[in-house]
file target-v2.txt (compact mmCIF, C-alpha atoms)
# COMPACT_ATOMS: atom_id res chain seq x y z
CA MET S 1 -95.45 -77.56 -244.97
CA GLN S 2 -96.64 -74.82 -247.34
CA LEU S 3 -99.64 -73.01 -245.83
CA ALA S 4 -102.51 -71.76 -247.96
CA SER S 5 -103.56 -68.09 -247.95
CA PRO S 6 -107.36 -67.84 -248.16
CA SER S 7 -109.16 -64.77 -249.42
CA PHE S 8 -111.14 -62.73 -246.93
CA ALA S 9 -114.44 -63.90 -248.45
CA GLU S 10 -113.38 -67.56 -248.29
CA ALA S 11 -112.26 -67.20 -244.66
CA THR S 12 -115.58 -65.54 -243.81
CA ARG S 13 -117.55 -68.46 -245.28
CA VAL S 14 -115.49 -71.02 -243.37
CA PHE S 15 -115.77 -69.19 -240.04
CA ALA S 16 -119.53 -68.88 -240.57
CA ARG S 17 -119.64 -72.66 -241.04
CA ILE S 18 -117.60 -73.18 -237.87
CA GLY S 19 -119.97 -70.91 -235.93
CA LEU S 20 -123.00 -72.92 -237.06
CA LEU S 21 -121.39 -76.27 -236.21
CA SER S 22 -119.64 -75.35 -232.95
CA PHE S 23 -121.49 -77.69 -230.61
CA GLY S 24 -119.89 -79.84 -227.93
CA GLY S 25 -118.24 -77.29 -225.66
CA PRO S 26 -114.65 -76.01 -225.94
CA ALA S 27 -113.12 -79.43 -226.65
CA GLY S 28 -115.45 -80.11 -229.56
CA GLN S 29 -115.15 -76.56 -230.88
CA ILE S 30 -111.35 -76.60 -230.80
CA ALA S 31 -111.32 -80.01 -232.48
CA LEU S 32 -113.64 -78.67 -235.20
CA MET S 33 -111.36 -75.70 -235.89
CA HIS S 34 -108.30 -77.96 -235.96
CA ARG S 35 -109.90 -80.22 -238.55
CA GLU S 36 -111.22 -77.36 -240.69
CA LEU S 37 -108.25 -74.99 -240.54
CA VAL S 38 -105.19 -77.19 -239.91
CA ASP S 39 -105.93 -80.63 -241.32
CA GLU S 40 -108.21 -79.91 -244.28
CA ARG S 41 -107.44 -76.38 -245.47
CA LYS S 42 -103.90 -75.96 -244.08
CA TRP S 43 -104.42 -72.28 -243.31
CA VAL S 44 -102.61 -72.62 -239.97
CA GLY S 45 -99.67 -74.85 -239.05
CA GLU S 46 -99.89 -77.39 -236.25
CA GLU S 47 -97.32 -75.64 -234.06
CA ASP S 48 -98.91 -72.22 -234.56
CA PHE S 49 -102.35 -73.64 -233.74
CA LEU S 50 -101.07 -75.10 -230.46
CA ASN S 51 -99.19 -71.92 -229.58
CA GLY S 52 -102.34 -69.92 -230.23
CA LEU S 53 -104.37 -72.28 -228.07
CA ASN S 54 -101.89 -72.05 -225.21
CA PHE S 55 -101.97 -68.27 -225.55
CA CYS S 56 -105.78 -68.25 -225.31
CA HIS S 57 -105.61 -70.39 -222.17
CA LEU S 58 -103.74 -67.52 -220.53
CA LEU S 59 -106.62 -65.10 -221.12
CA PRO S 60 -109.94 -64.65 -219.33
CA GLY S 61 -112.96 -65.59 -221.41
CA PRO S 62 -113.97 -68.47 -223.72
CA GLU S 63 -110.80 -69.95 -225.17
CA ALA S 64 -112.45 -71.44 -228.28
CA GLN S 65 -113.96 -68.11 -229.35
CA GLN S 66 -110.67 -66.36 -228.67
CA LEU S 67 -108.78 -68.98 -230.65
CA ALA S 68 -111.08 -68.34 -233.62
CA THR S 69 -110.45 -64.60 -233.22
CA TRP S 70 -106.70 -65.14 -233.06
CA ILE S 71 -106.67 -67.31 -236.19
CA GLY S 72 -108.76 -64.71 -238.03
CA TRP S 73 -106.26 -62.06 -236.92
CA ARG S 74 -103.34 -64.19 -238.18
CA LEU S 75 -105.01 -64.56 -241.57
CA HIS S 76 -106.44 -61.07 -242.18
CA GLY S 77 -105.53 -58.74 -239.34
CA TRP S 78 -108.13 -56.93 -237.26
CA ARG S 79 -111.00 -57.37 -239.73
CA GLY S 80 -110.29 -61.09 -239.95
CA GLY S 81 -110.27 -61.38 -236.16
CA VAL S 82 -113.50 -59.43 -235.78
CA VAL S 83 -115.29 -61.52 -238.40
CA ALA S 84 -114.03 -64.87 -237.07
CA GLY S 85 -114.78 -64.08 -233.44
CA THR S 86 -118.20 -62.58 -234.18
CA LEU S 87 -119.35 -65.41 -236.43
CA PHE S 88 -118.34 -67.87 -233.72
CA VAL S 89 -120.82 -66.21 -231.34
CA ILE S 90 -123.77 -65.02 -233.44
CA PRO S 91 -125.56 -68.36 -234.19
CA GLY S 92 -125.56 -69.45 -230.55
CA ALA S 93 -126.43 -65.97 -229.30
CA LEU S 94 -129.52 -65.82 -231.53
CA VAL S 95 -130.70 -69.24 -230.39
CA VAL S 96 -130.10 -68.46 -226.70
CA LEU S 97 -131.97 -65.16 -227.11
CA LEU S 98 -134.97 -66.96 -228.61
CA LEU S 99 -134.95 -69.61 -225.86
CA SER S 100 -134.54 -66.98 -223.14
CA ALA S 101 -137.57 -65.06 -224.42
CA LEU S 102 -139.62 -68.26 -224.48
CA TYR S 103 -138.44 -69.18 -220.99
CA ALA S 104 -139.36 -65.78 -219.57
CA VAL S 105 -143.03 -66.09 -220.60
CA ALA S 106 -143.51 -69.85 -220.18
CA ALA S 107 -141.55 -70.66 -217.01
CA ASP S 108 -144.70 -70.70 -214.86
CA LEU S 109 -146.52 -73.21 -217.05
CA ALA S 110 -146.72 -76.75 -215.66
CA TRP S 111 -145.47 -78.48 -218.81
CA PHE S 112 -142.55 -76.09 -219.14
CA GLU S 113 -141.54 -76.58 -215.51
CA ALA S 114 -141.75 -80.35 -215.96
CA LEU S 115 -139.56 -80.16 -219.08
CA PHE S 116 -136.86 -78.26 -217.21
CA LEU S 117 -137.00 -80.67 -214.29
CA GLY S 118 -135.24 -83.17 -216.55
CA ILE S 119 -132.87 -80.60 -218.00
CA LYS S 120 -131.70 -79.53 -214.54
CA ALA S 121 -131.15 -83.14 -213.53
CA ALA S 122 -129.06 -83.75 -216.67
CA VAL S 123 -127.00 -80.62 -215.92
CA LEU S 124 -125.83 -82.26 -212.67
CA ALA S 125 -124.25 -85.12 -214.61
CA ILE S 126 -122.84 -82.73 -217.23
CA VAL S 127 -121.13 -80.54 -214.63
CA ALA S 128 -119.83 -83.61 -212.76
CA GLN S 129 -118.32 -84.88 -216.03
CA ALA S 130 -116.66 -81.51 -216.62
CA LEU S 131 -115.26 -81.60 -213.09
CA LEU S 132 -113.71 -85.04 -213.54
CA ARG S 133 -112.26 -84.22 -216.96
CA ILE S 134 -110.65 -80.98 -215.84
CA ALA S 135 -109.37 -82.55 -212.63
CA GLY S 136 -107.81 -85.45 -214.51
CA ARG S 137 -106.09 -83.08 -216.92
CA SER S 138 -105.03 -80.39 -214.44
CA LEU S 139 -104.22 -81.95 -211.06
CA ASP S 140 -101.01 -83.80 -211.86
CA THR S 141 -99.05 -82.70 -208.77
CA GLY S 142 -99.73 -82.61 -205.04
CA PHE S 143 -99.42 -78.81 -204.97
CA LYS S 144 -102.12 -78.43 -207.62
CA ARG S 145 -104.41 -80.79 -205.72
CA ALA S 146 -103.87 -78.74 -202.56
CA LEU S 147 -104.78 -75.54 -204.44
CA ALA S 148 -107.98 -77.18 -205.70
CA ILE S 149 -108.97 -78.27 -202.18
CA MET S 150 -108.25 -74.84 -200.72
CA ALA S 151 -110.27 -73.13 -203.48
CA PHE S 152 -113.24 -75.40 -202.76
CA ALA S 153 -112.99 -74.78 -199.03
CA GLY S 154 -112.67 -71.03 -199.53
CA LEU S 155 -115.84 -70.89 -201.61
CA PHE S 156 -118.00 -73.55 -199.99
CA LEU S 157 -117.04 -73.13 -196.34
CA PHE S 158 -116.00 -69.48 -196.08
CA ALA S 159 -117.91 -67.85 -198.98
CA LEU S 160 -114.78 -66.08 -200.28
CA PRO S 161 -115.37 -63.94 -203.40
CA PHE S 162 -114.53 -65.71 -206.64
CA PRO S 163 -112.14 -62.97 -207.89
CA LEU S 164 -110.18 -63.24 -204.62
CA VAL S 165 -109.82 -67.01 -205.05
CA VAL S 166 -108.53 -66.52 -208.62
CA LEU S 167 -106.09 -63.82 -207.49
CA LEU S 168 -104.70 -65.90 -204.61
CA ALA S 169 -104.34 -69.00 -206.81
CA GLY S 170 -102.52 -66.99 -209.48
CA ALA S 171 -100.18 -65.49 -206.87
CA ALA S 172 -99.46 -68.96 -205.45
CA GLY S 173 -98.69 -70.19 -208.99
CA VAL S 174 -96.26 -67.33 -209.63
CA LEU S 175 -94.48 -68.01 -206.32
CA ALA S 176 -94.26 -71.74 -207.02
CA ALA S 177 -92.96 -71.15 -210.56
CA TRP S 178 -90.26 -68.92 -209.11
CA LYS S 179 -89.17 -71.12 -206.20
CA ARG S 180 -90.44 -74.65 -206.91
CA PRO S 181 -91.41 -75.09 -210.60
CA GLY S 182 -91.59 -78.84 -210.07
CA TRP S 183 -94.66 -78.33 -207.91
CA LEU S 184 -96.48 -77.19 -211.04
CA ALA S 185 -94.75 -79.61 -213.44
CA LEU S 186 -93.42 -76.66 -215.43
CA LYS S 187 -90.75 -77.21 -218.04
CA PRO S 188 -87.73 -74.90 -218.18
CA ALA S 189 -88.08 -72.00 -220.59
CA ALA S 190 -86.39 -72.39 -223.94
CA ALA S 191 -83.67 -69.94 -224.92
CA ALA S 192 -85.16 -66.88 -226.56
CA GLY S 193 -84.28 -66.37 -230.18
CA GLU S 194 -83.87 -63.13 -232.07
CA ARG S 195 -87.03 -61.07 -231.92
CA GLY S 196 -88.19 -57.84 -233.45
CA PRO S 197 -89.11 -54.62 -231.62
CA ARG S 198 -91.68 -54.85 -228.89
CA PRO S 199 -95.18 -54.15 -230.30
CA TRP S 200 -96.22 -51.48 -227.80
CA LYS S 201 -97.92 -49.35 -230.46
CA ALA S 202 -100.21 -52.15 -231.64
CA THR S 203 -101.11 -53.02 -228.05
CA LEU S 204 -101.88 -49.43 -227.10
CA LYS S 205 -104.05 -48.98 -230.19
CA ALA S 206 -106.01 -52.15 -229.39
CA VAL S 207 -106.55 -51.13 -225.78
CA LEU S 208 -107.81 -47.67 -226.74
CA VAL S 209 -110.07 -48.81 -229.58
CA TRP S 210 -111.57 -51.86 -227.91
CA GLY S 211 -111.70 -50.20 -224.51
CA ALA S 212 -113.86 -47.51 -226.09
CA ILE S 213 -116.03 -50.13 -227.83
CA TRP S 214 -116.44 -51.98 -224.53
CA ALA S 215 -117.34 -48.79 -222.63
CA THR S 216 -119.70 -47.16 -225.16
CA PRO S 217 -122.99 -48.84 -224.11
CA ILE S 218 -122.06 -48.52 -220.43
CA ILE S 219 -121.59 -44.77 -220.81
CA ALA S 220 -124.86 -44.52 -222.77
CA ILE S 221 -126.74 -46.26 -219.94
CA ALA S 222 -125.16 -44.03 -217.31
CA ILE S 223 -126.21 -40.91 -219.23
CA GLY S 224 -129.64 -42.07 -220.41
CA LEU S 225 -130.92 -44.19 -217.51
CA GLY S 226 -128.64 -43.48 -214.56
CA ARG S 227 -126.52 -45.66 -212.33
CA GLU S 228 -129.51 -46.88 -210.30
CA HIS S 229 -131.05 -48.70 -213.28
CA ARG S 230 -130.99 -52.49 -213.60
CA LEU S 231 -129.16 -52.24 -216.94
CA TRP S 232 -126.29 -50.41 -215.24
CA ASP S 233 -125.95 -53.26 -212.74
CA ILE S 234 -125.98 -55.76 -215.61
CA ALA S 235 -123.32 -53.85 -217.53
CA MET S 236 -121.01 -53.49 -214.55
CA PHE S 237 -121.43 -57.03 -213.25
CA PHE S 238 -120.80 -58.78 -216.57
CA SER S 239 -117.91 -56.43 -217.38
CA GLN S 240 -116.32 -57.52 -214.11
CA LEU S 241 -117.09 -61.13 -214.94
CA ALA S 242 -115.31 -60.77 -218.30
CA VAL S 243 -112.07 -59.95 -216.49
CA VAL S 244 -112.11 -62.93 -214.08
CA THR S 245 -113.52 -65.73 -216.29
CA PHE S 246 -110.42 -67.92 -216.20
CA GLY S 247 -111.14 -71.63 -216.52
CA GLY S 248 -114.17 -71.46 -218.79
CA ALA S 249 -117.90 -71.14 -218.25
CA TYR S 250 -118.22 -73.88 -215.63
CA ALA S 251 -115.75 -72.11 -213.39
CA VAL S 252 -117.46 -68.73 -213.53
CA LEU S 253 -120.98 -70.15 -213.17
CA ALA S 254 -120.58 -70.58 -209.42
CA TYR S 255 -119.67 -66.93 -208.99
CA MET S 256 -122.37 -65.76 -211.41
CA ALA S 257 -124.99 -67.92 -209.70
CA GLN S 258 -124.00 -66.64 -206.27
CA GLU S 259 -124.30 -63.00 -207.35
CA ALA S 260 -127.32 -63.31 -209.68
CA VAL S 261 -129.31 -65.35 -207.13
CA SER S 262 -128.15 -64.27 -203.68
CA GLY S 263 -126.53 -60.92 -204.42
CA PHE S 264 -128.81 -59.19 -206.93
CA GLY S 265 -131.89 -61.43 -206.66
CA TRP S 266 -132.32 -61.58 -210.43
CA LEU S 267 -132.94 -65.35 -210.65
CA GLN S 268 -134.07 -68.27 -208.53
CA PRO S 269 -131.47 -71.03 -207.82
CA GLY S 270 -133.04 -73.58 -210.17
CA GLU S 271 -133.14 -71.07 -213.02
CA MET S 272 -129.35 -71.02 -213.23
CA ALA S 273 -129.39 -74.74 -213.99
CA ASP S 274 -132.11 -74.11 -216.56
CA GLY S 275 -129.93 -71.51 -218.27
CA LEU S 276 -126.95 -73.83 -218.40
CA GLY S 277 -129.16 -76.53 -219.91
CA LEU S 278 -130.26 -74.13 -222.64
CA ALA S 279 -126.70 -73.08 -223.41
CA GLU S 280 -125.58 -76.72 -223.59
CA THR S 281 -127.97 -77.36 -226.49
CA THR S 282 -126.84 -74.45 -228.68
CA PRO S 283 -123.78 -73.79 -230.85
CA GLY S 284 -121.17 -71.33 -229.68
CA PRO S 285 -119.40 -70.81 -226.35
CA LEU S 286 -121.09 -72.03 -223.19
CA ILE S 287 -120.50 -68.62 -221.62
CA LEU S 288 -123.57 -67.50 -223.61
CA VAL S 289 -125.48 -68.60 -220.51
CA THR S 290 -124.69 -65.05 -219.33
CA GLN S 291 -127.10 -63.79 -222.00
CA PHE S 292 -129.89 -65.86 -220.43
CA VAL S 293 -129.19 -64.21 -217.07
CA GLY S 294 -129.03 -60.74 -218.61
CA TYR S 295 -132.34 -61.25 -220.43
CA LEU S 296 -134.23 -62.38 -217.33
CA ALA S 297 -132.67 -59.71 -215.12
CA ALA S 298 -133.80 -56.92 -217.47
CA PHE S 299 -137.15 -58.57 -218.27
CA ARG S 300 -138.08 -58.52 -214.58
CA ALA S 301 -137.23 -54.83 -214.06
CA PRO S 302 -138.16 -53.33 -217.44
CA GLU S 303 -139.00 -49.68 -216.73
CA PRO S 304 -139.14 -47.52 -218.82
CA PHE S 305 -139.33 -50.23 -221.50
CA SER S 306 -141.72 -53.10 -222.03
CA PRO S 307 -140.50 -56.41 -220.53
CA PHE S 308 -139.69 -57.87 -223.96
CA VAL S 309 -137.76 -54.80 -225.12
CA ALA S 310 -135.91 -54.62 -221.80
CA GLY S 311 -135.03 -58.29 -222.12
CA LEU S 312 -133.64 -57.73 -225.62
CA ILE S 313 -131.55 -54.81 -224.40
CA GLY S 314 -130.35 -56.78 -221.37
CA ALA S 315 -129.37 -59.77 -223.51
CA GLY S 316 -127.59 -57.60 -226.09
CA LEU S 317 -125.80 -55.61 -223.42
CA THR S 318 -124.66 -58.76 -221.63
CA THR S 319 -123.32 -60.28 -224.84
CA TRP S 320 -121.55 -57.00 -225.72
CA VAL S 321 -119.70 -56.61 -222.41
CA THR S 322 -118.93 -60.34 -222.29
CA PHE S 323 -117.28 -60.56 -225.72
CA ALA S 324 -115.91 -57.07 -226.43
CA PRO S 325 -113.15 -57.72 -223.85
CA CYS S 326 -112.27 -60.95 -225.68
CA PHE S 327 -111.37 -58.95 -228.78
CA LEU S 328 -109.41 -56.50 -226.63
CA TRP S 329 -107.31 -59.31 -225.08
CA ILE S 330 -106.56 -60.91 -228.45
CA PHE S 331 -105.69 -57.75 -230.38
CA ALA S 332 -103.67 -56.30 -227.48
CA PHE S 333 -101.64 -59.39 -226.62
CA ALA S 334 -101.49 -61.44 -229.85
CA PRO S 335 -98.46 -59.46 -231.13
CA TRP S 336 -96.63 -60.60 -227.98
CA ILE S 337 -97.34 -64.30 -228.35
CA ASP S 338 -93.77 -65.30 -229.25
CA ARG S 339 -92.44 -63.49 -226.18
CA MET S 340 -95.14 -64.85 -223.83
CA ARG S 341 -94.50 -68.42 -224.92
CA ASP S 342 -91.53 -68.83 -222.56
CA ALA S 343 -92.76 -66.68 -219.63
CA VAL S 344 -92.41 -69.24 -216.82
CA ARG S 345 -94.02 -67.14 -214.10
CA LEU S 346 -96.98 -66.36 -216.34
CA LYS S 347 -97.37 -70.07 -216.96
CA GLY S 348 -97.15 -70.57 -213.20
CA ALA S 349 -100.00 -68.13 -212.62
CA LEU S 350 -102.11 -69.95 -215.21
CA ALA S 351 -101.30 -73.36 -213.69
CA GLY S 352 -102.26 -72.10 -210.23
CA VAL S 353 -105.55 -70.65 -211.47
CA THR S 354 -106.34 -73.79 -213.48
CA ALA S 355 -105.81 -75.97 -210.40
CA ALA S 356 -108.02 -73.73 -208.28
CA ILE S 357 -110.70 -73.85 -210.99
CA VAL S 358 -111.19 -77.54 -210.19
CA GLY S 359 -112.19 -76.52 -206.68
CA VAL S 360 -114.43 -73.80 -208.11
CA ILE S 361 -116.24 -76.30 -210.34
CA ALA S 362 -116.55 -78.72 -207.40
CA ASN S 363 -118.29 -75.94 -205.48
CA LEU S 364 -120.58 -75.33 -208.46
CA THR S 365 -121.41 -79.05 -208.62
CA VAL S 366 -122.40 -79.19 -204.96
CA TRP S 367 -124.39 -75.95 -205.25
CA PHE S 368 -126.32 -77.22 -208.26
CA ALA S 369 -126.94 -80.62 -206.69
CA LEU S 370 -128.40 -79.16 -203.52
CA HIS S 371 -130.70 -76.71 -205.32
CA VAL S 372 -131.87 -79.21 -207.93
CA LEU S 373 -132.44 -82.16 -205.61
CA PHE S 374 -133.95 -80.26 -202.68
CA ALA S 375 -136.76 -77.70 -202.73
CA ARG S 376 -135.45 -75.90 -199.66
CA VAL S 377 -131.80 -75.21 -198.84
CA GLY S 378 -130.75 -73.13 -195.84
CA ASP S 379 -127.52 -71.79 -194.38
CA GLY S 380 -125.73 -73.37 -191.45
CA ALA S 381 -123.14 -71.17 -189.75
CA ALA S 382 -120.48 -71.91 -187.14
CA GLY S 383 -118.12 -68.99 -186.61
CA ALA S 384 -116.53 -68.06 -189.93
CA VAL S 385 -117.77 -71.28 -191.57
CA ARG S 386 -120.99 -71.14 -193.59
CA VAL S 387 -122.41 -74.30 -195.12
CA LEU S 388 -125.47 -74.90 -197.27
CA VAL S 389 -127.80 -77.33 -195.47
CA PRO S 390 -130.68 -78.95 -197.40
CA GLU S 391 -133.99 -79.82 -195.74
CA ARG S 392 -134.16 -83.59 -196.11
CA ALA S 393 -137.96 -83.65 -196.28
CA SER S 394 -137.85 -81.46 -199.39
CA PHE S 395 -135.92 -84.03 -201.47
CA ASP S 396 -137.36 -84.31 -205.00
CA TRP S 397 -137.28 -87.99 -205.93
CA ARG S 398 -138.09 -87.16 -209.57
CA ALA S 399 -135.00 -84.97 -209.93
CA GLY S 400 -132.90 -87.58 -208.13
CA SER S 401 -134.10 -90.36 -210.43
CA LEU S 402 -133.48 -88.34 -213.56
CA ALA S 403 -130.02 -87.28 -212.35
CA LEU S 404 -129.18 -90.96 -211.84
CA VAL S 405 -130.37 -91.75 -215.36
CA ALA S 406 -128.27 -88.89 -216.76
CA GLY S 407 -125.22 -90.16 -214.88
CA VAL S 408 -125.62 -93.65 -216.37
CA LEU S 409 -126.11 -92.25 -219.89
CA ILE S 410 -123.03 -90.01 -219.72
CA PHE S 411 -120.57 -92.01 -217.59
CA ARG S 412 -121.47 -95.61 -218.44
CA LEU S 413 -122.91 -95.41 -221.96
CA GLY S 414 -120.90 -92.42 -223.20
CA TRP S 415 -123.87 -90.52 -224.59
CA SER S 416 -123.43 -87.00 -225.94
CA VAL S 417 -124.68 -83.97 -224.02
CA PRO S 418 -127.52 -83.04 -226.46
CA ARG S 419 -128.77 -86.62 -226.55
CA THR S 420 -128.71 -86.91 -222.74
CA LEU S 421 -130.49 -83.57 -222.36
CA ALA S 422 -133.21 -84.66 -224.79
CA VAL S 423 -133.88 -87.94 -222.96
CA CYS S 424 -133.91 -86.32 -219.52
CA ALA S 425 -136.14 -83.45 -220.72
CA GLY S 426 -138.61 -86.01 -222.05
CA GLY S 427 -138.41 -87.97 -218.80
CA GLY S 428 -139.00 -84.82 -216.78
CA LEU S 429 -142.03 -83.96 -218.89
CA LEU S 430 -143.53 -87.41 -218.32
CA LEU S 431 -142.82 -87.47 -214.56
CA GLY S 432 -143.91 -83.89 -214.05
CA LEU S 433 -147.25 -84.29 -215.76
CA ALA S 434 -147.92 -87.70 -214.21
CA THR S 435 -147.46 -86.55 -210.59
call {"tool": "encode", "arguments": {"input": "target-v2.txt", "output": "structure tokens"}}
result
Amino acid sequence: MQLASPSFAEATRVFARIGLLSFGGPAGQIALMHRELVDERKWVGEEDFLNGLNFCHLLPGPEAQQLATWIGWRLHGWRGGVVAGTLFVIPGALVVLLLSALYAVAADLAWFEALFLGIKAAVLAIVAQALLRIAGRSLDTGFKRALAIMAFAGLFLFALPFPLVVLLAGAAGVLAAWKRPGWLALKPAAAAGERGPRPWKATLKAVLVWGAIWATPIIAIAIGLGREHRLWDIAMFFSQLAVVTFGGAYAVLAYMAQEAVSGFGWLQPGEMADGLGLAETTPGPLILVTQFVGYLAAFRAPEPFSPFVAGLIGAGLTTWVTFAPCFLWIFAFAPWIDRMRDAVRLKGALAGVTAAIVGVIANLTVWFALHVLFARVGDGAAGAVRVLVPERASFDWRAGSLALVAGVLIFRLGWSVPRTLAVCAGGGLLLGLAT
């Protein structure tokens, strides 16, 4: 098939359109790009599109945004990648910023709290749906199911750090790929064809340039505000998060919620569910929920700025350190894609992490359920085991009822996420104001 070669201006217009229409999570966003770029315009071949997608699955961060960046790079080099990846994020980032600012000043109002009662209940069904979809796609062997169970137990029962769980799962995947590839359902690597010189120069250039871009605001904060400032904590935490966000936003939410709520004390437990509900209704990658956290964290410790200005800086900083690494990964490793395609042990690491992510999302589902359905949740400890224990008397029947409605709408009637969120938000508003 003869592929078309779009001009830079034409590619920019199309990627702007994709950014505005990229609702529906990674699956919907990838499907949209496939239709626009492969089926209709024939800018990318089917095999190249799938190879690029598989490559992006190997990287930390939002795979749909990175796929857009990679396609832009294939079409017009660095400038094409920067434009495609940035336009994929900007529309959603602006909407999340606006909603975060509104949330920060209206969260204590009765009507606003009632509205988000329904949104949080709908989030339970949304996360449960994500869990079942990923489990059905990923856990096709007994070894993968065992990794998922161990990841859940490590997080829920022993409070292991999320990066450690990812590291151990990746190591287990590498070992299995080496000794027992059948445990991961890996196919044998194809024979390598003739390849050109290794692109070390391009990789080194990308690492230096985008490493500097990533580090610039962090250095500015260290010099201007010091390492004791809230913005420094935001920069360092979300930079770390950008390196371990394998498995998409749902996977990293459990770790982010644990640190933002229990570790730093930036948010209350229910506010994490509120943020996810906001991000579900906007275009762009779901990982933009990090911007909501960054805005509130800075808004609540604004000195020497006003709360609104601090929130803007916190949101911008969070978005910067979340997505600058995505460009680094793409521009550093994209020249290696043909060589990485047949790296069995690398595929094993990815398979191991993907299986463990199911356990991570299961932990997130339980965590959300307990904090949405019960007003008070405590810790029960027995030796090394620590379990969240809800106070039964604090059960919120309104949240439980709305979560049940959301489950029926999504699982039985097949409603879309925005439609379900709208109905449950309206139901929460009615129940909240009537009781």
call {"tool": "atom_distance", "arguments": {"input": "target-v2.txt", "atom1": "atom CA of Thr69 of chain S", "atom2": "atom CA of Glu40 of chain S"}}
result
19.0 Å
call {"tool": "axis_aligned_box", "arguments": {"input": "target-v2.txt", "around": "segment 354-359 of chain S", "padding_each_side": "4 Å", "output": "AutoDock Vina command-line options"}}
result
--center_x -109.0 --center_y -75.6 --center_z -210.1 --size_x 14.4 --size_y 11.8 --size_z 14.8
call {"tool": "closest_residue", "arguments": {"input": "target-v2.txt", "among": "S:Gly348, S:Gly380, S:Pro26, S:Gly359", "to": "Ala171 of chain S", "atoms": "all atoms listed in the file"}}
result
S:Gly348
call {"tool": "atom_distance", "arguments": {"input": "target-v2.txt", "atom1": "atom CA of Val207 of chain S", "atom2": "atom CA of Leu59 of chain S"}}
result
14.7 Å
call {"tool": "residues_around", "arguments": {"input": "target-v2.txt", "residues": "Ala315 of chain S", "least_positions_apart": "6", "cutoff": "6 Å", "atoms": "all atoms listed in the file", "output": "count of residues only"}}
result
3
call {"tool": "residues_around", "arguments": {"input": "target-v2.txt", "residues": "segment 384-387 of chain S", "least_positions_apart": "4", "cutoff": "7 Å", "atoms": "all atoms listed in the file", "output": "NGL selection string"}}
result
:S and (156-158 or 379-380)
call {"tool": "atom_distance", "arguments": {"input": "target-v2.txt", "atom1": "atom CA of Arg300 of chain S", "atom2": "atom CA of Leu253 of chain S"}}
result
20.7 Å
call {"tool": "closest_residue", "arguments": {"input": "target-v2.txt", "among": "S:Val389, S:Ala434, S:Val127, S:Ala355", "to": "Val166 of chain S", "atoms": "only C-alpha atoms"}}
result
S:Ala355
call {"tool": "residues_around", "arguments": {"input": "target-v2.txt", "residues": "Leu208 of chain S", "least_positions_apart": "6", "cutoff": "10 Å", "atoms": "all atoms listed in the file", "output": "PyMOL selection string"}}
result
chain S and resi 214+328+332
call {"tool": "residues_around", "arguments": {"input": "target-v2.txt", "residues": "Gly173 of chain S", "least_positions_apart": "6", "cutoff": "9 Å", "atoms": "all atoms listed in the file", "output": "PyMOL selection string"}}
result
chain S and resi 181+184+345-353
call {"tool": "residues_around", "arguments": {"input": "target-v2.txt", "residues": "segment 115-121 of chain S", "least_positions_apart": "5", "cutoff": "6 Å", "atoms": "all atoms listed in the file", "output": "ChimeraX atom specification"}}
result
/S:273-274,277,399,402-403,421,424-425,428-429
call {"tool": "closest_residue", "arguments": {"input": "target-v2.txt", "among": "S:Leu102, S:Arg412, S:Ala122, S:Gly226", "to": "Gly400 of chain S", "atoms": "all atoms listed in the file"}}
result
S:Ala122
call {"tool": "closest_residue", "arguments": {"input": "target-v2.txt", "among": "S:Val165, S:Leu53, S:Val123, S:Ala301", "to": "Glu228 of chain S", "atoms": "all atoms listed in the file"}}
result
S:Ala301
call {"tool": "closest_atom_pairs", "arguments": {"input": "target-v2.txt", "of": "segment 7-93 of chain S", "to": "segment 236-246 of chain S", "cutoff": "9 Å", "atoms": "all atoms listed in the file", "output": "CSV"}}
result
residue,atom,partner,partner_atom,distance
S:His57,CA,S:Phe246,CA,8.1
S:Leu58,CA,S:Phe246,CA,8.0
S:Leu59,CA,S:Phe246,CA,6.8
S:Pro60,CA,S:Phe246,CA,4.6
S:Gly61,CA,S:Thr245,CA,5.2
S:Pro62,CA,S:Thr245,CA,7.9
call {"tool": "closest_residue", "arguments": {"input": "target-v2.txt", "among": "S:Ala4, S:Val261, S:Leu168, S:Ala297", "to": "Gly314 of chain S", "atoms": "all atoms listed in the file"}}
result
S:Ala297
call {"tool": "residues_near_point", "arguments": {"input": "target-v2.txt", "point": "(-122.7, -73.5, -235.6)", "cutoff": "8 Å", "atoms": "all atoms listed in the file", "output": "count of residues only"}}
result
13
